[in-house]
file target-v5.cif (mmCIF, C-alpha atoms)
data_data
#
loop_
_atom_site.label_atom_id
_atom_site.label_comp_id
_atom_site.auth_asym_id
_atom_site.auth_seq_id
_atom_site.Cartn_x
_atom_site.Cartn_y
_atom_site.Cartn_z
CA MET F 847 77.66 71.39 -77.36
CA ASN F 848 74.04 70.94 -76.20
CA LYS F 849 73.82 74.65 -75.27
CA VAL F 850 74.88 75.63 -78.80
CA VAL F 851 72.25 73.36 -80.35
CA LEU F 852 69.56 74.69 -78.00
CA PHE F 853 70.52 78.24 -78.95
CA LEU F 854 70.56 77.56 -82.73
CA ILE F 855 67.13 75.90 -82.93
CA PRO F 856 65.09 79.04 -82.05
CA VAL F 857 67.34 81.18 -84.27
CA LEU F 858 66.74 78.87 -87.24
CA ILE F 859 63.00 78.89 -86.58
CA LEU F 860 62.98 82.70 -86.60
CA PHE F 861 64.82 82.80 -89.93
CA ALA F 862 62.44 80.25 -91.45
CA CYS F 863 59.34 82.26 -90.52
CA GLY F 864 60.51 85.40 -92.33
CA ASP F 865 58.14 87.92 -90.74
CA THR F 866 60.33 90.97 -91.31
CA THR F 867 62.74 92.25 -93.94
CA VAL F 868 65.51 94.82 -93.57
CA THR F 869 65.81 97.23 -96.50
CA PRO F 870 69.02 96.99 -98.53
CA ASP F 871 70.01 100.64 -97.90
CA ASN F 872 71.12 99.65 -94.38
CA THR F 873 68.97 102.28 -92.65
CA ASP F 874 67.77 99.63 -90.22
CA GLN F 875 64.21 100.41 -91.29
CA ILE F 876 62.15 97.25 -90.88
CA ILE F 877 59.27 96.51 -93.27
CA GLU F 878 56.64 94.02 -92.24
CA THR F 879 56.16 91.65 -95.18
CA GLY F 880 54.99 88.34 -93.81
CA PRO F 881 56.07 85.05 -95.33
CA ILE F 882 57.61 85.26 -98.80
CA ASP F 883 55.57 83.76 -101.64
CA PRO F 884 58.12 81.98 -103.89
CA TYR F 885 55.66 82.04 -106.81
CA GLY F 886 54.59 85.66 -106.49
CA ASP F 887 56.09 88.89 -107.75
CA PRO F 888 58.82 90.56 -105.72
CA PRO F 889 57.57 93.13 -103.20
CA GLY F 890 56.76 96.43 -104.89
CA TYR F 891 56.87 94.96 -108.42
CA THR F 892 54.12 95.96 -110.82
CA GLY F 893 53.83 95.04 -114.45
CA ASP F 894 53.89 92.01 -116.69
CA PRO F 895 57.30 90.27 -116.93
CA PHE F 896 56.32 88.76 -120.30
CA GLU F 897 55.05 92.00 -121.80
CA ASP F 898 57.60 92.14 -124.64
CA PHE F 899 57.54 88.44 -125.52
CA PRO F 900 55.62 87.11 -128.54
CA GLU F 901 52.42 85.15 -128.05
CA VAL F 902 52.96 81.42 -127.52
CA ILE F 903 51.25 79.51 -130.32
CA GLY F 904 52.53 76.02 -129.54
CA MET F 905 54.89 74.07 -127.39
CA SER F 906 56.63 70.74 -127.23
CA ILE F 907 57.28 68.52 -124.28
CA PRO F 908 60.88 67.33 -123.77
CA GLY F 909 61.23 63.75 -124.90
CA GLU F 910 58.22 64.02 -127.21
CA GLU F 911 59.33 63.97 -130.85
CA VAL F 912 57.26 66.15 -133.15
CA PRO F 913 57.50 65.50 -136.89
CA ILE F 914 58.85 68.38 -138.94
CA GLU F 915 56.63 69.72 -141.70
CA TYR F 916 58.67 70.78 -144.71
CA GLU F 917 57.86 73.67 -146.97
CA GLU F 918 56.98 72.57 -150.49
CA GLU F 919 59.51 74.95 -152.04
CA ILE F 920 62.39 73.08 -150.35
CA LEU F 921 61.13 69.71 -151.55
CA SER F 922 60.42 70.85 -155.11
CA GLY F 923 63.68 72.54 -156.16
CA THR F 924 67.28 71.41 -156.22
CA HIS F 925 68.54 70.87 -152.70
CA PHE F 926 71.28 69.13 -150.76
CA THR F 927 70.67 65.67 -149.39
CA VAL F 928 72.68 62.90 -147.73
CA GLN F 929 72.99 59.62 -149.60
CA ILE F 930 73.23 56.64 -147.25
CA SER F 931 73.05 53.71 -149.67
CA ALA F 932 72.88 52.58 -153.30
CA ALA F 933 71.07 49.27 -153.81
CA THR F 934 70.87 47.12 -156.91
CA ASN F 935 67.14 46.44 -156.48
CA GLU F 936 64.17 48.56 -155.48
CA GLU F 937 62.91 46.22 -152.74
CA THR F 938 66.14 46.47 -150.75
CA ALA F 939 66.16 50.25 -151.08
CA GLN F 940 62.49 50.44 -150.03
CA ARG F 941 63.09 48.35 -146.88
CA LEU F 942 66.06 50.51 -145.91
CA ALA F 943 64.11 53.72 -146.52
CA GLU F 944 61.20 52.50 -144.38
CA SER F 945 63.55 51.49 -141.58
CA VAL F 946 65.42 54.81 -141.60
CA SER F 947 62.23 56.89 -141.77
CA THR F 948 61.07 55.45 -138.44
CA GLU F 949 64.29 56.67 -136.78
CA ILE F 950 64.52 60.22 -138.13
CA TYR F 951 62.28 63.19 -138.89
CA HIS F 952 63.69 64.19 -142.27
CA PRO F 953 62.19 63.10 -145.58
CA VAL F 954 63.66 59.93 -147.11
CA PHE F 955 63.87 59.63 -150.90
CA ILE F 956 64.63 56.75 -153.25
CA ASP F 957 66.05 57.82 -156.62
CA HIS F 958 66.72 55.45 -159.52
CA GLU F 959 69.90 56.60 -161.27
CA SER F 960 72.45 54.74 -163.39
CA GLY F 961 70.97 51.34 -162.56
CA TYR F 962 71.03 51.88 -158.76
CA TRP F 963 68.30 52.67 -156.25
CA LYS F 964 69.81 55.44 -154.13
CA VAL F 965 68.45 56.07 -150.64
CA ARG F 966 68.80 59.71 -149.67
CA VAL F 967 67.85 61.60 -146.52
CA GLY F 968 66.85 65.22 -146.07
CA ALA F 969 66.14 68.27 -148.17
CA PHE F 970 68.63 70.86 -146.95
CA PRO F 971 68.82 74.35 -148.48
CA ALA F 972 72.55 74.66 -147.67
CA ARG F 973 75.44 72.21 -148.00
CA ALA F 974 76.59 73.02 -144.45
CA ASP F 975 73.23 71.86 -143.05
CA ALA F 976 73.47 68.57 -144.96
CA THR F 977 77.07 68.08 -143.85
CA ASP F 978 76.10 68.63 -140.21
CA TYR F 979 73.24 66.14 -140.49
CA SER F 980 75.41 63.55 -142.25
CA GLN F 981 77.28 63.11 -138.95
CA VAL F 982 74.01 62.01 -137.31
CA LEU F 983 73.61 59.36 -140.01
CA VAL F 984 77.23 58.24 -139.64
CA ASN F 985 76.58 57.80 -135.90
CA MET F 986 73.54 55.65 -136.80
CA GLY F 987 75.87 53.29 -138.67
CA PHE F 988 75.80 54.67 -142.21
CA THR F 989 79.54 55.24 -142.33
CA ASP F 990 79.56 55.88 -146.10
CA ALA F 991 76.99 58.71 -145.91
CA TRP F 992 77.92 61.62 -148.15
CA VAL F 993 76.36 64.91 -149.21
CA THR F 994 75.01 65.26 -152.73
CA THR F 995 72.39 67.33 -154.54
CA ARG F 996 68.98 66.11 -155.52
CA GLU F 997 66.67 67.55 -158.14
CA PRO F 998 63.18 66.08 -157.98
#
call {"tool": "encode", "arguments": {"input": "target-v5.cif", "output": "structure tokens"}}
result
Amino acid sequence: MNKVVLFLIPVLILFACGDTTVTPDNTDQIIETGPIDPYGDPPGYTGDPFEDFPEVIGMSIPGEEVPIEYEEEILSGTHFTVQISAATNEETAQRLAESVSTEIYHPVFIDHESGYWKVRVGAFPARADATDYSQVLVNMGFTDAWVTTREP
């Protein structure tokens, strides 16, 4: 057992140093390359790997929430929204809207219709988008959330 370990140690050291590379065409031609740079380009590579990508104009860090800026045309015309509550007084609706707006990054609206103050979330151009987002609100505890339209 000790002889095997003594034999394997120098072999492992030789593999770790990486002074030579055998070409993949199996011609047994040895190319001296030195240690491999894990952050460099592969041997013989020239060019820019990001040549066809668009220019980066911004980035976000995972875990860092960035507020969404909405286009005015979505907020000004008829759109789909998710209603989460209908209150009998404005103060209750306002408190709920303020609480919800700290948890999400969609606009929160309060509409006064038919004697109720209706708290609505989002300005979605398509019903499917509003339906998908309503599930997020249901998971937050608004089990009666439903999709409706809103015309400012």
call {"tool": "residues_around", "arguments": {"input": "target-v5.cif", "residues": "Ala933 of chain F", "least_positions_apart": "5", "cutoff": "10 Å", "atoms": "only C-alpha atoms", "output": "JSON, numbers by chain"}}
result
{"F": [938, 939, 940, 942, 956, 958, 961, 962, 963, 964, 965]}
call {"tool": "closest_residue", "arguments": {"input": "target-v5.cif", "among": "F:Arg941, F:Val928, F:Ile950, F:Glu901", "to": "Ala976 of chain F", "atoms": "only C-alpha atoms"}}
result
F:Val928
call {"tool": "atom_distance", "arguments": {"input": "target-v5.cif", "atom1": "atom CA of Ser931 of chain F", "atom2": "atom CA of Glu949 of chain F"}}
result
15.9 Å
call {"tool": "residues_around", "arguments": {"input": "target-v5.cif", "residues": "segment 981-993 of chain F", "least_positions_apart": "2", "cutoff": "6 Å", "atoms": "all atoms listed in the file", "output": "list in words"}}
result
Thr927, Val928, Gln929, Ile930, Asp978 and Tyr979 of chain F
call {"tool": "atom_distance", "arguments": {"input": "target-v5.cif", "atom1": "atom CA of Glu944 of chain F", "atom2": "atom CA of Arg996 of chain F"}}
result
19.2 Å
call {"tool": "closest_residue", "arguments": {"input": "target-v5.cif", "among": "F:Asp883, F:Pro953, F:Glu937, F:His925", "to": "Ala972 of chain F", "atoms": "all atoms listed in the file"}}
result
F:His925
call {"tool": "resolve_selection", "arguments": {"input": "target-v5.cif", "expression": "the PyMOL selection byres ((chain F and resi 952) around 8)", "output": "list in words"}}
result
Ile914, Ser947, Ile950, Tyr951, Pro953, Val954, Val967, Gly968 and Ala969 of chain F
call {"tool": "atom_distance", "arguments": {"input": "target-v5.cif", "atom1": "atom CA of Arg966 of chain F", "atom2": "atom CA of Ala943 of chain F"}}
result
8.2 Å
call {"tool": "closest_residue", "arguments": {"input": "target-v5.cif", "among": "F:Phe926, F:Glu897, F:Asn935, F:Glu997", "to": "Ser980 of chain F", "atoms": "all atoms listed in the file"}}
result
F:Phe926
call {"tool": "closest_residue", "arguments": {"input": "target-v5.cif", "among": "F:Ser960, F:Val902, F:Thr934, F:Thr995", "to": "Arg973 of chain F", "atoms": "all atoms listed in the file"}}
result
F:Thr995
call {"tool": "closest_residue", "arguments": {"input": "target-v5.cif", "among": "F:Ile903, F:Ala974, F:Ala932, F:Ile882", "to": "Asp957 of chain F", "atoms": "all atoms listed in the file"}}
result
F:Ala932
